[in-house]
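Read through the structure below, which is laid out as structure tokens, and then see the notes.
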Amino acid sequence: MLEIYLKKRLEDKNILLMTHIVLGYPSFDASFQIIEAMVKAGVDLMELQIPFSEPTADGPVIVKASQMALNNGATVKECLDLAEKAADTFDIPFLIMSYYNILFRYGVERFVSGMTKAGLKGAIIPDLPPEEGRDYIDIMRANQMAPILIFSPTTSLERMRYLNNFAKGFIYCVARKGVTGQNTNFSDELTSYIHKCREATSLPLAIGFGVKEKADIEFLKGKVDIAVIGTQTIRVMEEKGVGAVGDFIRSLL
Amino acid sequence: MIESRYYGEFGGAFIPEILVATFDQLVQEFKTAKNDPGFWDEYVRIMSTYSCRPTPLTFAENLTNYFKGPRIYIKREDLNHTGAHKANNVIGQGLLVKRMGKTRVIAETGAGQHGVATATMAAKFGFRCTIYMGEVDMARQRPNVFWMERLGAEVVPVKEGTRILKDAINEAFRDWATNMDNTHYVLGTACGPHPFPEMVSFFQSIIGKEARKQILETEGRLPTRVYACVGGGSNALGIFSGFFDDPVELVGAEAGGKGLDTGLHASRLASKDGFRGVAQGYKTYFLQNQDGQMKKTHSVAAGLDYVGVSPILASLREQGRVRFEAATDREVMDAFSLTLRKEGLVPALESTHAFAQAFKEISGLSGKDIILINQSGRGDKDIFTIADAFEDPAWRQFIIEKAEEYRA
Ligand SMILES: Cc1ncc(COP(=O)(O)O)c(C=O)c1O
């Protein structure tokens, strides 16, 4: 199970790295190459985003990447196929990130069993709070899949505890208000927010949104278990090409 | 716990965690206001002094004589301040913003009517104001962009996605997820997560309350049918809600665009292209493909050009309480000319969909019937689109000369 894998891995490392890509951007071949480069560079787990036409929780970089992938004709089936290939080929956990309509339209049950068959370990669905997603959470748990839930700086301790009842694997803590791709202030305020998250759960904590360089990761060491690099790798790839992704990841460690 | 509300199987509150506390506050504030009779009184007072409420009910005598059928009445939401029913919603939400102590409002807009209404409300109540508008809509509704900016609002062009209404909604949500501490998102229609469908319908219900009273005063009986155009569904729910408990047929007119079989339309409930889905925070019928990706939509009316529809209307359709039809761009232009010439009324192209649908079905009714059409807005804003549709040569010449003048 994901939580056990993460805790084991944390015995040897003081922080884990989770990276993110938009499947099908700029192409499925490139997606696979990026995954390969990331795994070789030492990434501990990855979230694979299935593009959705209305990505309300994402900022301009991921919005554009999603749109380009869809313009190129990316389908949910191709995304799941690529995720399966990644999970078959590489020995780290892979998660799906997407919006609820993708699962809803596919059929939640069918989607989750597809993820299970593909060897994936969990999913992050930012527009599906547990109040609306009981069925999803039950189906995920029945399939040994981790429904990753989100804490935010506006979430009360009471609500964090409530969310923790449904979460598996780890908690994704959003570092700040806003959407993906904006700057984050790595400050005392962030530290006290992390303390609050810790108080609410015994699951590993991941921090995402605005993590983009070594200094950020140094700041997070000893505070959280997983640092999430999202938008920044897309920027690196767009500026320097797919080949630059591995070096970028190594520069963080 | 997030407070959610379903209408049949539609609605809900599919909100990202970052906005949960903001929705909590909004739900509570709306509940308190709704249960406070003084709040509705204050709302009606402002609407009758700042806007033109109650808006008149006009007997369309010439259209009635022309069709030799039912007596045709028109509810004149076009006579609201800023020229559409949108004023009802923004003033209501503006009062809530004051109660919540927020200082900035944001909104999406398609036709620009909701944006202009929000900008006037912000000016009146002293809020800062940002309006998100798809690039495509900015080009086709330029006069409204001009007014929003003159009113002191910042108009942000949305360049993502299909660059129309749905994309503007996404952008507004992103802003809200960042600036919720001082900002309220004034959603313009009865869509989105709870409490928006209920809240927007609540404010728009003033249309139906007045219309029912007016028709009873004038005719002493209820209409046979009520027609309204359906974008997100707010003007339709506004007028329909006055007649929910009456034996009155309610008809929603969606954008048939270039025809339902062309794929170039925005008809979620009357066409076969709408499927259940969850996006922009709520569950309803969306125009989407097999994978759940939203489709391109088309309508001559920017305000009807939306992929989703109010969950309340989706449920009323399932119950068989509201019938949904689609009027094509062409039918709308014909109905527009007729209404203009016969009655001297200038409906917005959105509203004209309701007229067009009523005219199409009129032969089935007799002189004993009454029909009521909601004129949700006025058409001045559509002057460029209408001039193009009519290929008006003098207007064209005027624009060319005006352009020359600016170039000089
Ligand atoms: C005049 C007018 N009517 C109708 C609409 C459609 O919205 P709704 O269906 O919410 O009434 C708009 C939207 O911009 C509008 O401007």
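A note on labels: chains of the structure tokens are A, B, ... as shown, every chain counts residues from 1, and ligands are counted from 1 in their shown order.
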**Message:** Using only C-alpha atoms and all ligand atoms, which residues of the polymer chains come no farther than 6 Å from ligand 1? I'd like the answer as a ChimeraX atom specification.
**Reply:** /B:84,110-111,113-114,189,230-236,303-304,348,350-351,376-377
**Item:** helix (DSSP H, G or I) call set, DSSP backbone run, stretch 147-308 of chain B, as a PyMOL selection string
**Value:** chain B and resi 147-150+165-179+196-219+234-243+260-262+302-304
**Prompt:** Any idea which chain A residues end up within 9 Å of chain B if we count only C-alpha atoms, as a ChimeraX atom specification please?
**Reply:** /A:51-60,63-64,67,70,75-77,99-106,126-129,131-133,149-156,159,162,174,176-179
Those selected residues, please, written with N, CA and C atoms and delivered as a short mmCIF file (atom, residue, chain, number, x, y, z; two decimals), in the first residue's frame.
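Now in again_12.cif:
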```
data_model
loop_
_atom_site.label_atom_id
_atom_site.label_comp_id
_atom_site.auth_asym_id
_atom_site.auth_seq_id
_atom_site.Cartn_x
_atom_site.Cartn_y
_atom_site.Cartn_z
N PRO A 51 -5.72 15.26 -18.89
CA PRO A 51 -6.20 16.61 -19.19
C PRO A 51 -7.71 16.69 -19.22
N PHE A 52 -8.24 17.81 -18.71
CA PHE A 52 -9.67 18.09 -18.72
C PHE A 52 -9.85 19.48 -19.31
N SER A 53 -10.95 19.66 -20.03
CA SER A 53 -11.17 20.94 -20.72
C SER A 53 -11.45 22.09 -19.77
N GLU A 54 -11.84 21.81 -18.52
CA GLU A 54 -12.17 22.89 -17.57
C GLU A 54 -11.33 22.78 -16.29
N PRO A 55 -10.02 22.96 -16.40
CA PRO A 55 -9.18 22.72 -15.22
C PRO A 55 -9.17 23.92 -14.26
N THR A 56 -10.24 24.06 -13.46
CA THR A 56 -10.42 25.26 -12.64
C THR A 56 -9.40 25.41 -11.52
N ALA A 57 -8.75 24.32 -11.11
CA ALA A 57 -7.79 24.45 -10.01
C ALA A 57 -6.37 24.72 -10.52
N ASP A 58 -6.22 24.80 -11.83
CA ASP A 58 -4.88 24.97 -12.39
C ASP A 58 -4.63 26.37 -12.93
N GLY A 59 -3.34 26.75 -12.89
CA GLY A 59 -2.90 28.03 -13.43
C GLY A 59 -2.56 27.91 -14.91
N PRO A 60 -2.12 29.04 -15.50
CA PRO A 60 -1.95 29.13 -16.96
C PRO A 60 -1.06 28.05 -17.59
N VAL A 63 -2.97 24.78 -17.56
CA VAL A 63 -4.16 24.99 -18.40
C VAL A 63 -3.77 24.86 -19.87
N LYS A 64 -2.68 25.52 -20.21
CA LYS A 64 -2.25 25.50 -21.61
C LYS A 64 -1.81 24.09 -22.01
N GLN A 67 -4.80 21.96 -22.56
CA GLN A 67 -5.50 22.32 -23.79
C GLN A 67 -4.76 21.81 -25.02
N LEU A 70 -5.30 18.12 -25.39
CA LEU A 70 -6.64 17.83 -25.93
C LEU A 70 -6.73 18.22 -27.40
N THR A 75 -6.96 11.16 -25.53
CA THR A 75 -8.19 10.57 -24.96
C THR A 75 -7.88 9.98 -23.59
N VAL A 76 -8.95 9.74 -22.83
CA VAL A 76 -8.78 9.15 -21.50
C VAL A 76 -8.15 7.76 -21.63
N LYS A 77 -8.59 7.02 -22.65
CA LYS A 77 -8.06 5.68 -22.85
C LYS A 77 -6.55 5.71 -23.08
N TYR A 99 -9.89 15.74 -12.97
CA TYR A 99 -11.11 16.34 -12.44
C TYR A 99 -12.22 15.30 -12.50
N TYR A 100 -13.22 15.52 -11.65
CA TYR A 100 -14.22 14.48 -11.44
C TYR A 100 -14.97 14.09 -12.71
N ASN A 101 -15.22 15.03 -13.60
CA ASN A 101 -16.03 14.68 -14.77
C ASN A 101 -15.40 13.56 -15.61
N ILE A 102 -14.06 13.51 -15.60
CA ILE A 102 -13.37 12.47 -16.36
C ILE A 102 -13.76 11.08 -15.82
N LEU A 103 -13.79 10.95 -14.50
CA LEU A 103 -14.16 9.68 -13.88
C LEU A 103 -15.66 9.42 -14.04
N PHE A 104 -16.43 10.48 -13.84
CA PHE A 104 -17.89 10.37 -13.86
C PHE A 104 -18.37 9.87 -15.21
N ARG A 105 -17.79 10.44 -16.26
CA ARG A 105 -18.22 10.11 -17.62
C ARG A 105 -17.79 8.70 -18.00
N TYR A 106 -16.60 8.33 -17.50
CA TYR A 106 -16.06 7.00 -17.79
C TYR A 106 -16.80 5.94 -16.97
N PRO A 126 -9.21 17.14 -7.38
CA PRO A 126 -9.37 18.35 -6.56
C PRO A 126 -10.79 18.91 -6.50
N ASP A 127 -11.65 18.53 -7.43
CA ASP A 127 -13.01 19.08 -7.37
C ASP A 127 -14.01 18.05 -6.82
N LEU A 128 -13.49 17.08 -6.07
CA LEU A 128 -14.40 16.09 -5.49
C LEU A 128 -14.17 15.99 -3.98
N PRO A 129 -14.81 16.88 -3.21
CA PRO A 129 -14.70 16.78 -1.75
C PRO A 129 -15.42 15.52 -1.29
N GLU A 131 -17.67 14.96 0.77
CA GLU A 131 -19.13 15.10 0.89
C GLU A 131 -19.83 14.69 -0.40
N GLU A 132 -19.20 14.97 -1.54
CA GLU A 132 -19.80 14.64 -2.84
C GLU A 132 -19.27 13.32 -3.38
N GLY A 133 -18.20 12.82 -2.77
CA GLY A 133 -17.50 11.69 -3.39
C GLY A 133 -17.47 10.42 -2.56
N LEU A 149 -6.56 13.09 -0.41
CA LEU A 149 -7.36 14.29 -0.15
C LEU A 149 -6.45 15.49 0.10
N ILE A 150 -7.09 16.64 0.03
CA ILE A 150 -6.33 17.90 0.04
C ILE A 150 -6.64 18.70 1.29
N PHE A 151 -5.57 19.24 1.92
CA PHE A 151 -5.72 20.26 2.97
C PHE A 151 -5.30 21.59 2.35
N SER A 152 -5.90 22.68 2.83
CA SER A 152 -5.47 23.99 2.35
C SER A 152 -5.31 24.93 3.53
N PRO A 153 -4.65 26.06 3.31
CA PRO A 153 -4.44 27.00 4.41
C PRO A 153 -5.76 27.57 4.97
N THR A 154 -6.86 27.41 4.23
CA THR A 154 -8.13 27.91 4.75
C THR A 154 -8.93 26.79 5.44
N THR A 155 -8.36 25.59 5.50
CA THR A 155 -9.07 24.46 6.11
C THR A 155 -8.90 24.50 7.63
N SER A 156 -10.00 24.40 8.35
CA SER A 156 -9.91 24.41 9.82
C SER A 156 -9.36 23.07 10.29
N ARG A 159 -11.98 20.46 10.24
CA ARG A 159 -12.24 19.90 8.92
C ARG A 159 -11.10 19.00 8.45
N TYR A 162 -11.76 15.76 9.83
CA TYR A 162 -12.86 15.13 9.09
C TYR A 162 -12.34 14.53 7.78
N VAL A 174 -1.95 21.89 0.12
CA VAL A 174 -1.75 23.00 -0.80
C VAL A 174 -1.05 24.12 -0.02
N ARG A 176 -0.59 27.27 -0.45
CA ARG A 176 -1.12 28.64 -0.38
C ARG A 176 -2.44 28.70 -1.12
N LYS A 177 -3.06 29.90 -1.04
CA LYS A 177 -4.28 30.14 -1.81
C LYS A 177 -3.93 30.19 -3.30
N GLY A 178 -4.95 30.12 -4.13
CA GLY A 178 -4.71 30.27 -5.56
C GLY A 178 -4.67 28.96 -6.29
N VAL A 179 -4.14 29.01 -7.49
CA VAL A 179 -4.08 27.84 -8.36
C VAL A 179 -2.63 27.44 -8.57
#
```
**Request:** Considering only C-alpha atoms, return as JSON, numbers by chain whatever protein or nucleic-acid residues lie within 10 Å of B:Asp380, sequence-local ones (same chain, fewer than 5 positions apart) excluded.
**Result:** {"B": [83, 143, 144, 346, 347, 348, 349, 386]}
Would you kindly return, as a PDB file with N, CA, C and O atoms, in the first residue's frame, each protein, DNA or RNA residue with an atom no farther than 7 Å from any atom of stretch 185-200 of chain A, considering only C-alpha atoms and excluding same-chain residues fewer than 4 positions away?
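What follows is the written file result20.pdb:
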```pdb
ATOM      1  N   PRO A 153      -4.646  26.055   3.309  1.00  0.00           N
ATOM      2  CA  PRO A 153      -4.444  27.001   4.414  1.00  0.00           C
ATOM      3  C   PRO A 153      -5.757  27.571   4.965  1.00  0.00           C
ATOM      4  O   PRO A 153      -5.765  28.132   6.047  1.00  0.00           O
ATOM      5  N   LEU A 157      -8.814  23.064  11.512  1.00  0.00           N
ATOM      6  CA  LEU A 157      -8.290  21.828  12.091  1.00  0.00           C
ATOM      7  C   LEU A 157      -9.392  20.768  12.172  1.00  0.00           C
ATOM      8  O   LEU A 157      -9.182  19.599  11.867  1.00  0.00           O
ATOM      9  N   MET A 160      -9.859  19.370   8.790  1.00  0.00           N
ATOM     10  CA  MET A 160      -8.728  18.498   8.444  1.00  0.00           C
ATOM     11  C   MET A 160      -8.937  17.112   9.042  1.00  0.00           C
ATOM     12  O   MET A 160      -8.705  16.094   8.398  1.00  0.00           O
ATOM     13  N   ARG A 161      -9.404  17.081  10.297  1.00  0.00           N
ATOM     14  CA  ARG A 161      -9.634  15.787  10.969  1.00  0.00           C
ATOM     15  C   ARG A 161     -10.741  15.016  10.260  1.00  0.00           C
ATOM     16  O   ARG A 161     -10.653  13.796  10.096  1.00  0.00           O
ATOM     17  N   ALA A 175       0.068  24.616  -0.552  1.00  0.00           N
ATOM     18  CA  ALA A 175       0.917  25.519   0.229  1.00  0.00           C
ATOM     19  C   ALA A 175       0.316  26.906   0.431  1.00  0.00           C
ATOM     20  O   ALA A 175       0.689  27.620   1.344  1.00  0.00           O
ATOM     21  N   ASP A 216      13.671  25.667  -1.919  1.00  0.00           N
ATOM     22  CA  ASP A 216      12.322  25.369  -1.419  1.00  0.00           C
ATOM     23  C   ASP A 216      12.313  23.994  -0.744  1.00  0.00           C
ATOM     24  O   ASP A 216      11.711  23.801   0.314  1.00  0.00           O
TER      25      ASP A 216
END
```
**Request:** Extract, using only C-alpha atoms, all DNA, RNA and protein residues at most 10 Å from stretch 119-125 of chain A, discarding same-chain residues fewer than 5 positions from it, and format them as an NGL selection string.
**Result:** (:A and (1-2 or 45 or 47-49 or 80 or 83-88 or 92-103 or 112-114 or 133 or 140-141 or 143-150 or 168-172)) or (:B and (16))
**Point-to-point distance from atom CA of B:Gly259 to atom CA of B:Gly274, Å rounded to tenths** =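 Spanning atom CA of B:Gly259 to atom CA of B:Gly274 is a straight-line distance of 14.6 Å.
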**Message:** Need to verify the contact set: A:Ala227, 12 Å, only C-alpha atoms, exclusion of same-chain residues closer than 2 positions in sequence. Can you return it as a VMD selection string?
**Reply:** chain A and resid 14 to 20 43 to 46 170 to 175 204 to 225 229 to 230 249 252 to 253
**Prompt:** If we count only C-alpha atoms, what is near A:Met237 at a cut-off of 10 Å, once residues fewer than 6 positions away on the same chain are taken out, given as a list of chain:residue names?
**Reply:**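 Listed by chain and then number, they are A:Pro26, A:Ile34, A:Gly243, A:Ala244, A:Val245, A:Gly246, A:Phe248.
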For N, CA, C and O atoms, I'd like the residues from the last selection saved as a compact mmCIF listing (two decimals), in the first residue's frame.
```
# COMPACT_ATOMS: atom_id res chain seq x y z
N PRO A 26 3.92 17.29 -24.46
CA PRO A 26 3.44 17.73 -25.77
C PRO A 26 2.97 16.57 -26.65
O PRO A 26 2.30 16.80 -27.64
N ILE A 34 9.61 11.73 -20.50
CA ILE A 34 9.75 12.56 -19.30
C ILE A 34 9.64 11.70 -18.04
O ILE A 34 10.41 11.84 -17.10
N GLY A 243 14.87 16.73 -22.83
CA GLY A 243 16.17 16.26 -22.34
C GLY A 243 16.65 16.96 -21.08
O GLY A 243 17.49 16.45 -20.34
N ALA A 244 16.12 18.15 -20.80
CA ALA A 244 16.59 18.93 -19.65
C ALA A 244 15.92 18.54 -18.35
O ALA A 244 16.35 18.95 -17.26
N VAL A 245 14.85 17.73 -18.45
CA VAL A 245 14.05 17.43 -17.26
C VAL A 245 14.85 16.65 -16.21
O VAL A 245 14.81 16.97 -15.02
N GLY A 246 15.61 15.64 -16.66
CA GLY A 246 16.39 14.81 -15.73
C GLY A 246 17.37 15.66 -14.93
O GLY A 246 17.45 15.55 -13.69
N PHE A 248 17.25 18.81 -14.34
CA PHE A 248 16.51 19.71 -13.44
C PHE A 248 16.16 18.97 -12.14
O PHE A 248 16.37 19.48 -11.03
```
**Message:** DSSP on the backbone, strand (DSSP E or B) only: what residues of stretch 133-317 of chain B does that give? Format it as a ChimeraX atom specification.
**Reply:** /B:133-134,154-158,183-185,225-229,249-257,266,274-279,282-288,294
